[in-house]
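J.: TSV, C-alpha atoms, saved as target_38.tsv, coming up:
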```
chain	number	residue	atom	x	y	z
A	471	MET	CA	32.60	27.10	171.20
A	472	SER	CA	29.45	27.56	169.25
A	473	ASN	CA	29.55	31.12	167.97
A	474	TYR	CA	31.81	34.13	167.61
A	475	ALA	CA	30.46	36.01	170.63
A	476	THR	CA	30.95	32.95	172.86
A	477	ARG	CA	34.49	32.40	171.55
A	478	VAL	CA	35.46	36.02	172.18
A	479	MET	CA	34.10	35.91	175.72
A	480	GLY	CA	35.82	32.57	176.23
A	481	PHE	CA	39.17	34.13	175.38
A	482	GLU	CA	38.47	36.88	177.90
A	483	ILE	CA	37.52	34.66	180.83
A	484	GLY	CA	39.64	31.60	180.28
A	485	GLY	CA	41.87	31.86	177.27
A	486	ASP	CA	45.48	32.81	176.74
A	487	TYR	CA	44.55	36.27	175.48
A	488	GLY	CA	42.32	37.59	178.24
A	489	ASP	CA	43.00	39.78	181.21
A	490	GLU	CA	44.68	37.77	183.97
A	491	GLN	CA	42.69	39.45	186.75
A	492	ILE	CA	39.40	38.64	185.02
A	493	GLN	CA	40.49	35.04	184.54
A	494	GLU	CA	41.50	34.75	188.19
A	495	PHE	CA	38.19	36.29	189.27
A	496	TRP	CA	36.12	33.74	187.32
A	497	ALA	CA	38.35	30.84	188.32
A	498	SER	CA	37.86	31.82	191.97
A	499	ALA	CA	34.10	32.31	191.53
A	500	THR	CA	33.90	28.87	189.93
A	501	VAL	CA	35.78	27.18	192.77
A	502	GLU	CA	33.50	28.93	195.26
A	503	SER	CA	30.38	27.82	193.36
A	504	LEU	CA	31.60	24.23	193.33
A	505	LYS	CA	32.35	24.40	197.04
A	506	THR	CA	28.90	25.81	197.83
A	507	ALA	CA	27.14	23.24	195.61
A	508	ARG	CA	29.03	20.42	197.33
A	509	GLU	CA	28.24	21.77	200.81
A	510	ASP	CA	24.56	22.12	199.91
A	511	ASP	CA	24.53	18.59	198.53
A	512	MET	CA	26.17	17.16	201.66
A	513	SER	CA	23.72	18.96	203.94
A	514	GLY	CA	20.71	17.81	201.95
A	515	ASN	CA	19.99	21.28	200.60
A	516	GLY	CA	21.27	20.55	197.10
A	517	HIS	CA	19.19	20.80	193.97
A	518	ILE	CA	17.00	17.73	193.53
A	519	TYR	CA	17.31	17.58	189.72
A	520	TRP	CA	20.86	18.77	189.05
A	521	THR	CA	24.21	17.25	189.92
A	522	VAL	CA	26.70	19.23	191.99
A	523	GLU	CA	28.58	20.10	188.80
A	524	GLU	CA	25.42	21.24	187.01
A	525	THR	CA	24.47	23.40	189.98
A	526	ALA	CA	27.91	25.05	189.88
A	527	ILE	CA	27.69	25.49	186.10
A	528	PHE	CA	24.29	27.18	186.24
A	529	THR	CA	25.38	29.37	189.16
A	530	VAL	CA	28.53	30.56	187.37
A	531	ALA	CA	26.64	31.05	184.10
A	532	ASP	CA	24.05	33.22	185.86
A	533	GLN	CA	26.79	35.23	187.58
A	534	MET	CA	28.67	35.84	184.33
A	535	LYS	CA	25.54	36.81	182.45
A	536	SER	CA	24.52	39.21	185.20
A	537	VAL	CA	27.94	40.87	185.47
A	538	TYR	CA	28.47	41.34	181.75
A	539	GLU	CA	24.92	42.38	180.92
A	540	SER	CA	25.02	44.92	183.74
A	541	ALA	CA	28.30	46.32	182.42
A	542	MET	CA	26.86	46.44	178.91
A	543	TYR	CA	23.77	48.35	180.03
A	544	ASP	CA	25.93	50.77	182.02
A	545	LEU	CA	27.90	51.44	178.85
A	546	LEU	CA	24.78	51.77	176.72
A	547	ASP	CA	23.26	54.23	179.19
A	548	SER	CA	26.09	56.60	178.31
A	549	PHE	CA	24.76	56.90	174.74
A	550	SER	CA	22.26	59.70	174.28
A	551	GLN	CA	20.00	57.59	172.06
A	552	PRO	CA	19.78	54.06	170.69
A	553	SER	CA	21.98	53.49	167.68
A	554	LEU	CA	23.38	50.83	165.41
A	555	TRP	CA	26.17	50.19	167.94
A	556	HIS	CA	23.63	49.79	170.72
A	557	ASP	CA	21.76	47.16	168.71
A	558	LEU	CA	24.92	45.31	167.64
A	559	LEU	CA	26.34	45.16	171.16
A	560	THR	CA	23.06	44.02	172.66
A	561	GLN	CA	22.63	41.31	170.03
A	562	SER	CA	26.20	40.07	170.47
A	563	VAL	CA	25.89	39.74	174.24
A	564	GLN	CA	22.56	37.95	173.88
A	565	GLU	CA	24.22	35.35	171.65
A	566	ILE	CA	26.81	34.35	174.26
A	567	ASP	CA	26.32	30.79	175.49
A	568	TRP	CA	26.95	31.39	179.19
A	569	VAL	CA	26.35	27.74	180.12
A	570	GLN	CA	29.00	26.60	177.65
A	571	LEU	CA	31.51	29.05	179.12
A	572	ALA	CA	30.66	28.06	182.69
A	573	THR	CA	30.98	24.37	181.79
A	574	GLY	CA	34.53	25.00	180.64
A	575	LEU	CA	35.36	26.82	183.87
A	576	VAL	CA	33.84	24.10	186.08
A	577	ASP	CA	35.59	21.36	184.11
A	578	ALA	CA	38.91	23.20	184.49
A	579	ALA	CA	38.37	23.67	188.23
A	580	ILE	CA	37.59	19.98	188.71
A	581	GLU	CA	40.61	18.99	186.66
A	582	GLU	CA	42.84	21.26	188.74
A	583	GLU	CA	41.47	19.68	191.93
A	584	GLU	CA	42.32	16.24	190.62
A	585	ILE	CA	45.88	17.30	189.78
A	586	ALA	CA	46.45	18.94	193.16
```
Take the structure in the file and write it out as structure tokens.
T.:
Amino acid sequence: MSNYATRVMGFEIGGDYGDEQIQEFWASATVESLKTAREDDMSGNGHIYWTVEETAIFTVADQMKSVYESAMYDLLDSFSQPSLWHDLLTQSVQEIDWVQLATGLVDAAIEEEEIA
């Protein structure tokens, strides 16, 4: 993974050290995104420039970014005024490579399908 913020988030959503419920949630969301991308592709409604896997990757990346940025802003709203911690947290979350994380999840989901 490319930077510290991405590695930390990677441990949370797919590593050995993260919360099992969070990992199961993102694994399930990834499988669902792959399924939807495949169905759209089969019906002719797929993205004309992206592969099925890329469509799933970008969908999962957008979902993760949305969920975690929303949670971050909810937390930051509890502070009475902007502070050093506000700036550090915001900067760290902005540095996360969501596409890289989603790629790992999609690759793992495809690999699990091939094993099953």
J.: Hey, can you check how far CA of Ala499 in chain A sits from CA of Ala578 in chain A?
T.: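 These two atoms are separated by 12.5 Å.
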J.: Name the residues in contact with range 529-537 of chain A at a cut-off of 9 Å, using all atoms listed in the file, excluding same-chain residues fewer than 6 positions from it; report them as JSON, numbers by chain.
T.: {"A": [496, 499, 500, 503, 563, 566, 567, 568, 569, 570, 571, 572, 573, 575, 576]}
J.: CA of Gln564 in chain A and CA of Ser472 in chain A are how many Å apart?
T.: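 Between CA of Gln564 in chain A and CA of Ser472 in chain A the gap works out to 13.3 Å.
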J.: Figure out the distance between CA of Ala579 in chain A and CA of Ser562 in chain A, please, to one decimal in Å.
T.: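 Interatomic distance, CA of Ser562 in chain A to CA of Ala579 in chain A: 27.1 Å.
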J.: Using all atoms listed in the file, which of the listed residues (A:Leu554, A:Leu546, A:Val501, A:Met512) sits closest to Asp577 in chain A?
T.: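 Ranked by minimum distance to Asp577 in chain A, first place goes to A:Val501.
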J.: In terms of the shortest atom-to-atom distance over all atoms listed in the file, which of A:Glu539, A:Asp547, A:Glu523, A:Glu509 is closest to Gln561 in chain A?
T.: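 So, comparing all the options, the nearest one is A:Glu539.
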J.: With only C-alpha atoms as the basis for distance, which of A:Thr560, A:Gly514, A:Thr525, A:Phe481 is at the shortest distance from Met542 in chain A?
T.: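 So, comparing all the options, the nearest one is A:Thr560.
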J.: Excluding Leu545 in chain A and any residue of its chain fewer than 4 positions from it, enumerate the residues within 12 Å of it, using all atoms listed in the file, and give them as JSON, numbers by chain.
T.: {"A": [538, 539, 540, 541, 549, 550, 552, 555, 556, 559, 560]}
J.: Counting all atoms listed in the file, figure out which residue out of A:Gln551, A:Asp510, A:Leu504, A:Gln491 gets nearest to Glu524 in chain A.
T.: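 For Glu524 in chain A, the nearest of the given residues is A:Leu504.
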J.: Would you mind exporting range 544-561 of chain A with N, CA and C atoms, as a CSV table (one decimal), in the first residue's frame?
T.:
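What ended up in out08.csv:
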```
chain,number,residue,atom,x,y,z
A,544,ASP,N,-19.0,13.6,10.8
A,544,ASP,CA,-19.9,13.5,12.0
A,544,ASP,C,-19.0,13.7,13.3
A,545,LEU,N,-17.9,13.1,13.3
A,545,LEU,CA,-17.0,13.2,14.5
A,545,LEU,C,-16.5,14.7,14.6
A,546,LEU,N,-16.1,15.2,13.5
A,546,LEU,CA,-15.5,16.6,13.6
A,546,LEU,C,-16.6,17.6,13.9
A,547,ASP,N,-17.8,17.4,13.6
A,547,ASP,CA,-18.9,18.3,14.0
A,547,ASP,C,-19.1,18.4,15.5
A,548,SER,N,-18.6,17.4,16.2
A,548,SER,CA,-18.7,17.4,17.7
A,548,SER,C,-17.7,18.3,18.3
A,549,PHE,N,-16.7,18.7,17.6
A,549,PHE,CA,-15.7,19.7,18.1
A,549,PHE,C,-16.3,21.1,18.0
A,550,SER,N,-16.1,21.9,19.0
A,550,SER,CA,-16.7,23.2,19.0
A,550,SER,C,-16.0,24.2,18.0
A,551,GLN,N,-14.8,23.9,17.6
A,551,GLN,CA,-14.1,24.8,16.7
A,551,GLN,C,-13.0,24.0,16.0
A,552,PRO,N,-12.6,24.4,14.8
A,552,PRO,CA,-11.5,23.7,14.1
A,552,PRO,C,-10.2,23.7,15.0
A,553,SER,N,-9.5,22.6,14.9
A,553,SER,CA,-8.3,22.5,15.7
A,553,SER,C,-7.2,21.8,14.9
A,554,LEU,N,-6.1,21.6,15.6
A,554,LEU,CA,-5.0,20.8,15.0
A,554,LEU,C,-5.5,19.4,14.7
A,555,TRP,N,-6.2,18.8,15.6
A,555,TRP,CA,-6.7,17.4,15.4
A,555,TRP,C,-7.7,17.3,14.2
A,556,HIS,N,-8.5,18.4,14.1
A,556,HIS,CA,-9.4,18.5,12.9
A,556,HIS,C,-8.6,18.4,11.6
A,557,ASP,N,-7.6,19.2,11.5
A,557,ASP,CA,-6.8,19.3,10.3
A,557,ASP,C,-6.0,18.0,10.1
A,558,LEU,N,-5.5,17.4,11.1
A,558,LEU,CA,-4.7,16.2,10.9
A,558,LEU,C,-5.6,15.0,10.5
A,559,LEU,N,-6.8,14.9,11.1
A,559,LEU,CA,-7.7,13.9,10.7
A,559,LEU,C,-8.2,14.0,9.3
A,560,THR,N,-8.5,15.2,8.9
A,560,THR,CA,-9.0,15.5,7.6
A,560,THR,C,-7.9,15.2,6.5
A,561,GLN,N,-6.7,15.6,6.8
A,561,GLN,CA,-5.6,15.4,5.9
A,561,GLN,C,-5.3,13.9,5.7
```
